[in-house]
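Worksheet: the structure to be examined is printed underneath.
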Amino acid sequence: MNTILITGATGFVGGAVVEYFLRQQLTTNNALLLLVRADDKATGLARIIDNLKKFELNDAHFSALNEQSILTGDLAEPESFIHDSRLDNVTHVINCAAIASFGNNPAMWRVNVEGSLTFAKRMAQVKGLQRFVHVGTAMASMPDKDSVFYEGMPDNEQNEDLVQYTASKRAIENLVRAECPSLPFVVARPSIIVGHTQHGCQPSSSIFWVFMMAIKLKKFTCTLDDQVDVIPVDYCAMVLVKLCLAKSLSHNFYHISSGEEMCTPFHEIDTSVAKANNAPRIISEYEQISYQEFTGIRKQFKDVLGPCNDKIILRAIKLYGGFAQLNVKFDNSRLLDMGIPKPAAFNSYIDKCVSSTRGQSISELMQVDFK
């Protein structure tokens, strides 16, 4: 039996990975070992189950997990778990853990780079380890505006990172490759992960609130014809598990993305949200304005968005507006060559995202991305 170590299982992507294992009944041949921040195994298991309930799993699914499935520890302090002897029996790793905030979290480099490198070095010593799948981010490539970024291309190091998160994810990839040459290291870089095809934003409202904010304001930094490379979290999870368990892989780097053909124009997002809300589209009133112009109307934010901190809203517009203006697509031919299907189009499940966030303010929804 394989032993699959999954980090970040109390988060959005890691939770979806565990959901996939449980729903597909893959635990028959694969024992799960879940790294969790907790004082003890019982508390850790409770945290895992609380997160999985957001994916509407039930007691029958949870029966595959117990306290022996829990490895208590924290990537911020890897010494808290890297000496556990159970690591020596791990055959596969899916490393989802990271501080994925676009805020200035002071622990980001310690977790995403330093702690992750210590963890990778420890797993490189495990003789039976067959694969270490590391979850990065496609935006770490620093793509050029209006481009298609292909999997064989080097990162554009002449461009600047819009946020420290992308810089940290690129840094750890380079460090692991340089310092852990024996690690069976495979990088999966997802594009923008928004919602779940079945549960909408119930597991997490990450990023979705940005589209709702722009629609409410009827303004943003991109045109309605610009496109965004969005994938649902359950598709991302499925691909990560496939990469983890594949008998052989042709490459050590993959995009998990919509690809050139499946990216969603912003006007289609507007149409789908309007249909879900039984409301008119904003297309005739929409304005593309600059960040500087947004600063001039900041006092209007509360009237449109409800109670909010205009400084945080402006910061969000600057960060996410920068990504939206890129209008970039990420090639996914390597997954397609494996026989993995294309992801569901964003507008095919937007209705679930809308219904699962109805009644929540922009300020409430955005907290997950500014922790």
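Going through the structure tokens in order, the chains are called A, B, and so on, while each chain numbers its residues from 1 and the ligands are numbered from 1 in the order shown.
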Which polymer residues have any atom within 6 Å of an atom of range 345-351 of chain A, counting only C-alpha atoms, with same-chain residues fewer than 3 positions away left out, as a ChimeraX atom specification?
/A:197,272,276,354
(Q) DSSP on the backbone, helix (DSSP H, G or I) only: what residues of range 53-231 of chain A does that give? Format it as number ranges by chain. (A) A: 53, 59-62, 67-69, 78-80, 85-89, 108-123, 138-141, 164-179, 208-217
Quick one: residues within 12 Å of Arg315 in chain A, only C-alpha atoms, excluding same-chain residues fewer than 5 positions away - as a ChimeraX atom specification?
/A:102-104,162-163,210,291-292,294-295,298,309-310,320-322,366,369-370
Take the residues that were just selected and, keeping all heavy atoms, output them as a short mmCIF file (atom, residue, chain, number, x, y, z; two decimals), in the first residue's frame.
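Writing the result to again.cif gives the following:
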```cif
data_model
loop_
_atom_site.label_atom_id
_atom_site.label_comp_id
_atom_site.auth_asym_id
_atom_site.auth_seq_id
_atom_site.Cartn_x
_atom_site.Cartn_y
_atom_site.Cartn_z
N PHE A 102 -2.25 37.34 -0.57
CA PHE A 102 -1.69 38.46 -1.33
C PHE A 102 -1.41 39.65 -0.41
O PHE A 102 -1.02 40.72 -0.86
CB PHE A 102 -2.64 38.88 -2.45
CG PHE A 102 -2.56 37.98 -3.66
CD1 PHE A 102 -1.75 36.86 -3.67
CD2 PHE A 102 -3.28 38.28 -4.80
CE1 PHE A 102 -1.67 36.03 -4.78
CE2 PHE A 102 -3.21 37.47 -5.92
CZ PHE A 102 -2.40 36.35 -5.91
N GLY A 103 -1.63 39.44 0.89
CA GLY A 103 -1.27 40.45 1.87
C GLY A 103 0.20 40.30 2.26
O GLY A 103 0.91 39.40 1.79
N ASN A 104 0.65 41.17 3.11
CA ASN A 104 2.05 41.14 3.54
C ASN A 104 2.19 40.31 4.81
O ASN A 104 2.48 40.82 5.89
CB ASN A 104 2.55 42.58 3.79
CG ASN A 104 2.62 43.38 2.51
OD1 ASN A 104 3.02 42.87 1.47
ND2 ASN A 104 2.21 44.64 2.58
N LEU A 162 4.15 40.86 -8.95
CA LEU A 162 3.14 41.78 -8.44
C LEU A 162 2.95 41.61 -6.94
O LEU A 162 2.55 42.55 -6.25
CB LEU A 162 1.81 41.54 -9.16
CG LEU A 162 1.80 41.88 -10.66
CD1 LEU A 162 0.46 41.51 -11.28
CD2 LEU A 162 2.11 43.36 -10.89
N VAL A 163 3.23 40.40 -6.43
CA VAL A 163 3.09 40.12 -5.00
C VAL A 163 4.22 39.20 -4.56
O VAL A 163 4.81 38.47 -5.37
CB VAL A 163 1.72 39.44 -4.68
CG1 VAL A 163 0.58 40.42 -4.89
CG2 VAL A 163 1.51 38.19 -5.52
N VAL A 210 -13.38 39.11 -6.23
CA VAL A 210 -12.81 40.15 -7.10
C VAL A 210 -13.74 40.42 -8.27
O VAL A 210 -14.01 41.58 -8.63
CB VAL A 210 -11.41 39.75 -7.61
CG1 VAL A 210 -10.84 40.85 -8.52
CG2 VAL A 210 -10.47 39.47 -6.45
N TYR A 291 -5.88 52.46 -11.83
CA TYR A 291 -5.81 52.45 -10.37
C TYR A 291 -5.85 53.88 -9.83
O TYR A 291 -6.51 54.15 -8.82
CB TYR A 291 -4.54 51.74 -9.91
CG TYR A 291 -4.27 51.91 -8.43
CD1 TYR A 291 -5.01 51.21 -7.49
CD2 TYR A 291 -3.28 52.79 -7.97
CE1 TYR A 291 -4.79 51.37 -6.13
CE2 TYR A 291 -3.05 52.95 -6.61
CZ TYR A 291 -3.81 52.25 -5.71
OH TYR A 291 -3.58 52.41 -4.36
N GLN A 292 -5.15 54.78 -10.50
CA GLN A 292 -5.13 56.18 -10.06
C GLN A 292 -6.53 56.78 -10.05
O GLN A 292 -6.90 57.54 -9.15
CB GLN A 292 -4.20 57.01 -10.95
CG GLN A 292 -2.71 56.74 -10.75
CD GLN A 292 -2.28 55.38 -11.29
OE1 GLN A 292 -2.92 54.81 -12.19
NE2 GLN A 292 -1.21 54.83 -10.73
N PHE A 294 -9.26 55.07 -9.61
CA PHE A 294 -9.95 54.46 -8.47
C PHE A 294 -9.68 55.21 -7.18
O PHE A 294 -10.56 55.34 -6.33
CB PHE A 294 -9.55 52.99 -8.31
CG PHE A 294 -10.41 52.02 -9.06
CD1 PHE A 294 -9.90 51.26 -10.10
CD2 PHE A 294 -11.75 51.86 -8.73
CE1 PHE A 294 -10.69 50.36 -10.79
CE2 PHE A 294 -12.56 50.95 -9.41
CZ PHE A 294 -12.02 50.20 -10.46
N THR A 295 -8.46 55.69 -7.02
CA THR A 295 -8.14 56.42 -5.79
C THR A 295 -9.01 57.67 -5.65
O THR A 295 -9.30 58.11 -4.54
CB THR A 295 -6.66 56.81 -5.74
OG1 THR A 295 -6.36 57.71 -6.81
CG2 THR A 295 -5.76 55.60 -5.84
N ARG A 298 -12.59 56.63 -4.13
CA ARG A 298 -12.55 55.70 -2.99
C ARG A 298 -13.67 55.95 -1.98
O ARG A 298 -14.11 55.02 -1.30
CB ARG A 298 -11.19 55.77 -2.31
CG ARG A 298 -10.85 57.14 -1.74
CD ARG A 298 -9.41 57.24 -1.28
NE ARG A 298 -9.11 56.32 -0.20
CZ ARG A 298 -7.88 56.17 0.31
NH1 ARG A 298 -6.86 56.85 -0.19
NH2 ARG A 298 -7.70 55.34 1.32
N ASN A 309 -13.23 48.74 4.24
CA ASN A 309 -12.06 49.59 4.45
C ASN A 309 -11.56 50.02 3.08
O ASN A 309 -11.07 49.21 2.31
CB ASN A 309 -10.99 48.81 5.21
CG ASN A 309 -9.77 49.66 5.55
OD1 ASN A 309 -9.30 50.44 4.73
ND2 ASN A 309 -9.24 49.48 6.75
N ASP A 310 -11.69 51.33 2.77
CA ASP A 310 -11.35 51.77 1.41
C ASP A 310 -9.87 51.57 1.10
O ASP A 310 -9.49 51.35 -0.05
CB ASP A 310 -11.77 53.22 1.18
CG ASP A 310 -11.11 54.21 2.13
OD1 ASP A 310 -10.54 53.77 3.15
OD2 ASP A 310 -11.17 55.42 1.87
N TYR A 320 -5.05 42.85 -7.77
CA TYR A 320 -5.81 41.99 -8.68
C TYR A 320 -6.01 42.67 -10.04
O TYR A 320 -6.10 41.99 -11.06
CB TYR A 320 -7.14 41.60 -8.06
CG TYR A 320 -6.97 40.66 -6.88
CD1 TYR A 320 -6.90 41.14 -5.58
CD2 TYR A 320 -6.85 39.30 -7.09
CE1 TYR A 320 -6.73 40.28 -4.51
CE2 TYR A 320 -6.69 38.43 -6.02
CZ TYR A 320 -6.62 38.93 -4.73
OH TYR A 320 -6.45 38.08 -3.66
N GLY A 321 -6.08 43.99 -10.02
CA GLY A 321 -6.16 44.71 -11.29
C GLY A 321 -4.92 44.50 -12.13
O GLY A 321 -4.98 44.40 -13.36
N GLY A 322 -3.77 44.42 -11.45
CA GLY A 322 -2.52 44.14 -12.16
C GLY A 322 -2.55 42.79 -12.84
O GLY A 322 -2.13 42.63 -14.00
N MET A 366 -13.52 38.64 1.01
CA MET A 366 -12.12 38.89 0.66
C MET A 366 -11.15 38.54 1.79
O MET A 366 -9.95 38.49 1.56
CB MET A 366 -11.92 40.34 0.23
CG MET A 366 -12.03 41.36 1.35
SD MET A 366 -12.06 43.07 0.75
CE MET A 366 -10.46 43.23 -0.02
N ASP A 369 -8.24 35.99 1.32
CA ASP A 369 -7.06 36.31 0.53
C ASP A 369 -6.17 37.37 1.17
O ASP A 369 -5.13 37.70 0.60
CB ASP A 369 -7.49 36.78 -0.87
CG ASP A 369 -8.05 35.65 -1.71
OD1 ASP A 369 -7.50 34.54 -1.62
OD2 ASP A 369 -9.02 35.87 -2.46
N PHE A 370 -6.56 37.90 2.30
CA PHE A 370 -5.75 38.92 2.95
C PHE A 370 -5.47 38.55 4.41
O PHE A 370 -5.35 39.39 5.27
CB PHE A 370 -6.44 40.29 2.87
CG PHE A 370 -6.28 40.93 1.52
CD1 PHE A 370 -7.18 40.66 0.51
CD2 PHE A 370 -5.21 41.76 1.25
CE1 PHE A 370 -7.03 41.23 -0.74
CE2 PHE A 370 -5.04 42.32 0.00
CZ PHE A 370 -5.96 42.07 -1.01
#
```
Next item on the list: Name the residues in contact with Asp50 in chain A at a cut-off of 12 Å, using only C-alpha atoms, excluding same-chain residues fewer than 4 positions from it; report them as a PyMOL selection string.
Entry: chain A and resi 9-11+15+43-46+54-59+62+203
Just the selected residues (N, CA and C atoms), exported as a compact mmCIF listing (two decimals), in the first residue's frame, please.
```txt
# COMPACT_ATOMS: atom_id res chain seq x y z
N ALA A 9 -3.82 20.23 4.09
CA ALA A 9 -5.13 19.57 3.96
C ALA A 9 -6.26 20.33 4.66
N THR A 10 -5.93 21.33 5.48
CA THR A 10 -6.99 22.16 6.06
C THR A 10 -7.25 23.40 5.21
N GLY A 11 -6.59 23.49 4.06
CA GLY A 11 -6.78 24.62 3.16
C GLY A 11 -7.70 24.29 2.00
N GLY A 15 -7.52 20.56 0.85
CA GLY A 15 -8.80 19.96 1.20
C GLY A 15 -9.46 19.29 0.02
N THR A 43 -7.12 16.78 17.82
CA THR A 43 -7.44 18.14 17.38
C THR A 43 -7.17 18.30 15.90
N GLY A 44 -6.07 17.71 15.44
CA GLY A 44 -5.75 17.77 14.03
C GLY A 44 -6.80 17.10 13.16
N LEU A 45 -7.26 15.94 13.58
CA LEU A 45 -8.30 15.23 12.84
C LEU A 45 -9.58 16.06 12.79
N ALA A 46 -9.92 16.70 13.91
CA ALA A 46 -11.12 17.53 13.94
C ALA A 46 -11.00 18.70 12.97
N LYS A 54 -16.93 21.40 4.34
CA LYS A 54 -17.21 22.45 3.36
C LYS A 54 -17.38 21.87 1.97
N PHE A 55 -16.81 20.67 1.76
CA PHE A 55 -16.93 19.98 0.48
C PHE A 55 -18.09 18.98 0.49
N GLU A 56 -18.90 19.04 1.56
CA GLU A 56 -20.10 18.20 1.72
C GLU A 56 -19.77 16.72 1.75
N LEU A 57 -18.66 16.39 2.36
CA LEU A 57 -18.37 14.99 2.65
C LEU A 57 -19.13 14.59 3.92
N ASN A 58 -19.34 13.29 4.11
CA ASN A 58 -20.12 12.82 5.24
C ASN A 58 -19.36 11.79 6.06
N ASP A 59 -20.03 11.25 7.08
CA ASP A 59 -19.38 10.32 8.00
C ASP A 59 -18.83 9.08 7.29
N PHE A 62 -15.56 10.02 6.00
CA PHE A 62 -14.60 10.26 7.08
C PHE A 62 -14.09 8.97 7.72
N PRO A 203 -16.40 25.93 -0.23
CA PRO A 203 -15.10 25.62 0.39
C PRO A 203 -14.23 26.85 0.59
```
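Proximity of A:Leu240, A:Ile215, A:Val368, A:Val186 to Ile99 in chain A, computed with only C-alpha atoms, is greatest for A:Val368.
Taking only C-alpha atoms, the non-local environment of Asp39 in chain A within 12 Å (same-chain residues fewer than 3 positions away omitted) comprises Val36, Ala42, Thr43, Gly44, Leu45, Ala46, Arg47, Ile70, Leu71, Thr72, Gly73, Asp74, Ser80 and Phe81 of chain A.
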Those residues with all heavy atoms, as a compact mmCIF listing (two decimals), in the first residue's frame please?
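Wrote again-v1.txt, looks like this:
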```txt
# COMPACT_ATOMS: atom_id res chain seq x y z
N VAL A 36 -0.91 18.59 9.74
CA VAL A 36 -1.90 19.53 10.28
C VAL A 36 -1.27 20.31 11.44
O VAL A 36 -0.58 19.71 12.29
CB VAL A 36 -3.15 18.81 10.82
CG1 VAL A 36 -4.25 19.81 11.15
CG2 VAL A 36 -3.66 17.79 9.83
N ALA A 42 -5.91 14.26 17.83
CA ALA A 42 -7.37 14.38 17.87
C ALA A 42 -7.82 15.75 17.38
O ALA A 42 -8.78 15.87 16.61
CB ALA A 42 -7.87 14.13 19.29
N THR A 43 -7.12 16.78 17.82
CA THR A 43 -7.44 18.14 17.38
C THR A 43 -7.17 18.30 15.90
O THR A 43 -7.93 18.94 15.16
CB THR A 43 -6.63 19.17 18.18
OG1 THR A 43 -6.86 18.97 19.58
CG2 THR A 43 -7.02 20.59 17.80
N GLY A 44 -6.07 17.71 15.44
CA GLY A 44 -5.75 17.77 14.03
C GLY A 44 -6.80 17.10 13.16
O GLY A 44 -7.20 17.63 12.12
N LEU A 45 -7.26 15.94 13.58
CA LEU A 45 -8.30 15.23 12.84
C LEU A 45 -9.58 16.06 12.79
O LEU A 45 -10.25 16.12 11.75
CB LEU A 45 -8.57 13.87 13.48
CG LEU A 45 -9.63 13.00 12.81
CD1 LEU A 45 -9.26 12.68 11.36
CD2 LEU A 45 -9.85 11.71 13.60
N ALA A 46 -9.92 16.70 13.91
CA ALA A 46 -11.12 17.53 13.94
C ALA A 46 -11.00 18.70 12.97
O ALA A 46 -11.97 19.06 12.29
CB ALA A 46 -11.35 18.04 15.37
N ARG A 47 -9.81 19.28 12.85
CA ARG A 47 -9.61 20.38 11.91
C ARG A 47 -9.77 19.91 10.47
O ARG A 47 -10.37 20.61 9.64
CB ARG A 47 -8.21 20.99 12.08
CG ARG A 47 -8.01 21.81 13.36
CD ARG A 47 -6.75 22.66 13.26
NE ARG A 47 -6.91 23.64 12.20
CZ ARG A 47 -5.90 24.14 11.46
NH1 ARG A 47 -4.67 23.68 11.65
NH2 ARG A 47 -6.12 25.03 10.52
N ILE A 70 -2.98 11.46 11.01
CA ILE A 70 -2.58 12.83 11.32
C ILE A 70 -1.11 12.91 11.70
O ILE A 70 -0.61 12.16 12.55
CB ILE A 70 -3.44 13.39 12.47
CG1 ILE A 70 -4.93 13.32 12.10
CG2 ILE A 70 -3.02 14.82 12.80
CD1 ILE A 70 -5.32 14.07 10.84
N LEU A 71 -0.42 13.83 11.06
CA LEU A 71 0.96 14.20 11.41
C LEU A 71 0.91 15.65 11.87
O LEU A 71 0.69 16.55 11.06
CB LEU A 71 1.87 14.05 10.18
CG LEU A 71 3.32 14.55 10.32
CD1 LEU A 71 4.09 13.71 11.34
CD2 LEU A 71 4.02 14.54 8.97
N THR A 72 1.04 15.87 13.17
CA THR A 72 0.95 17.24 13.67
C THR A 72 2.26 17.97 13.41
O THR A 72 3.35 17.42 13.62
CB THR A 72 0.62 17.26 15.17
OG1 THR A 72 1.64 16.56 15.89
CG2 THR A 72 -0.73 16.62 15.44
N GLY A 73 2.15 19.19 12.95
CA GLY A 73 3.34 19.98 12.66
C GLY A 73 3.01 21.20 11.83
O GLY A 73 1.87 21.40 11.41
N ASP A 74 4.03 21.99 11.58
CA ASP A 74 3.85 23.28 10.92
C ASP A 74 5.07 23.55 10.06
O ASP A 74 6.21 23.45 10.54
CB ASP A 74 3.68 24.37 11.99
CG ASP A 74 3.31 25.73 11.42
OD1 ASP A 74 3.44 25.93 10.19
OD2 ASP A 74 2.91 26.60 12.20
N SER A 80 9.23 20.53 14.09
CA SER A 80 8.12 19.99 14.87
C SER A 80 7.62 18.66 14.33
O SER A 80 6.88 17.94 15.01
CB SER A 80 6.96 21.00 14.89
OG SER A 80 6.45 21.22 13.57
N PHE A 81 8.03 18.30 13.10
CA PHE A 81 7.50 17.05 12.54
C PHE A 81 8.51 16.25 11.71
O PHE A 81 8.26 15.07 11.43
CB PHE A 81 6.26 17.33 11.69
CG PHE A 81 6.53 18.04 10.40
CD1 PHE A 81 6.80 17.34 9.23
CD2 PHE A 81 6.51 19.43 10.34
CE1 PHE A 81 7.05 17.99 8.03
CE2 PHE A 81 6.75 20.10 9.15
CZ PHE A 81 7.03 19.37 8.00
```
- Message: List as number ranges by chain the protein and nucleic acid residues near Gln125 in chain A, meaning an atom at most 9 Å away when only C-alpha atoms are counted, but skip any in the same chain fewer than 4 places from it.
- Response: A: 88, 120-121, 129, 182-183
Please produce a file of the residues just selected, as a short mmCIF file (atom, residue, chain, number, x, y, z; two decimals), in the first residue's frame, where the atoms kept are all heavy atoms.
```cif
data_model
loop_
_atom_site.label_atom_id
_atom_site.label_comp_id
_atom_site.auth_asym_id
_atom_site.auth_seq_id
_atom_site.Cartn_x
_atom_site.Cartn_y
_atom_site.Cartn_z
N ASP A 88 9.47 8.03 7.00
CA ASP A 88 10.33 7.08 6.29
C ASP A 88 9.53 6.07 5.48
O ASP A 88 10.10 5.36 4.63
CB ASP A 88 11.24 6.35 7.29
CG ASP A 88 12.23 7.30 7.94
OD1 ASP A 88 12.78 8.15 7.22
OD2 ASP A 88 12.44 7.19 9.17
N ALA A 120 11.54 19.43 2.14
CA ALA A 120 11.98 18.74 0.92
C ALA A 120 13.28 17.98 1.16
O ALA A 120 13.44 16.84 0.70
CB ALA A 120 12.15 19.74 -0.22
N LYS A 121 14.21 18.59 1.90
CA LYS A 121 15.48 17.91 2.20
C LYS A 121 15.23 16.65 3.02
O LYS A 121 15.89 15.62 2.81
CB LYS A 121 16.41 18.86 2.94
CG LYS A 121 17.00 19.97 2.06
CD LYS A 121 17.91 20.87 2.87
CE LYS A 121 18.58 21.92 2.00
NZ LYS A 121 19.46 22.83 2.78
N LEU A 129 10.60 6.88 -1.48
CA LEU A 129 9.79 7.97 -2.04
C LEU A 129 9.79 7.90 -3.56
O LEU A 129 10.84 7.92 -4.20
CB LEU A 129 10.31 9.32 -1.57
CG LEU A 129 9.45 10.53 -1.97
CD1 LEU A 129 8.12 10.51 -1.21
CD2 LEU A 129 10.18 11.84 -1.70
N SER A 182 18.27 14.58 -5.69
CA SER A 182 17.77 13.20 -5.67
C SER A 182 16.27 13.12 -5.43
O SER A 182 15.67 12.04 -5.55
CB SER A 182 18.50 12.39 -4.59
OG SER A 182 18.19 12.90 -3.29
N LEU A 183 15.63 14.23 -5.10
CA LEU A 183 14.20 14.22 -4.82
C LEU A 183 13.42 14.04 -6.13
O LEU A 183 13.67 14.76 -7.10
CB LEU A 183 13.79 15.55 -4.16
CG LEU A 183 12.35 15.64 -3.64
CD1 LEU A 183 12.17 14.78 -2.39
CD2 LEU A 183 11.99 17.10 -3.31
#
```
Please identify which residues in range 129-360 of chain A DSSP calls strand (DSSP E or B) from the backbone, and express them as a ChimeraX atom specification.
/A:131-135,148-149,185-190,192-193,196,200,219-220,227-228,230-231,253-256,264-265,287-288,329-330
Near-Tyr20 in chain A list (9 Å; only C-alpha atoms; drop same-chain fewer than 3 positions) as a ChimeraX atom specification | /A:15-17,23-26,234,237-238,241
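Checking A:Val239, A:Ile192, A:Ala178, A:Val148 one by one against Glu260 in chain A, counting only C-alpha atoms, you find the shortest gap at A:Val148.
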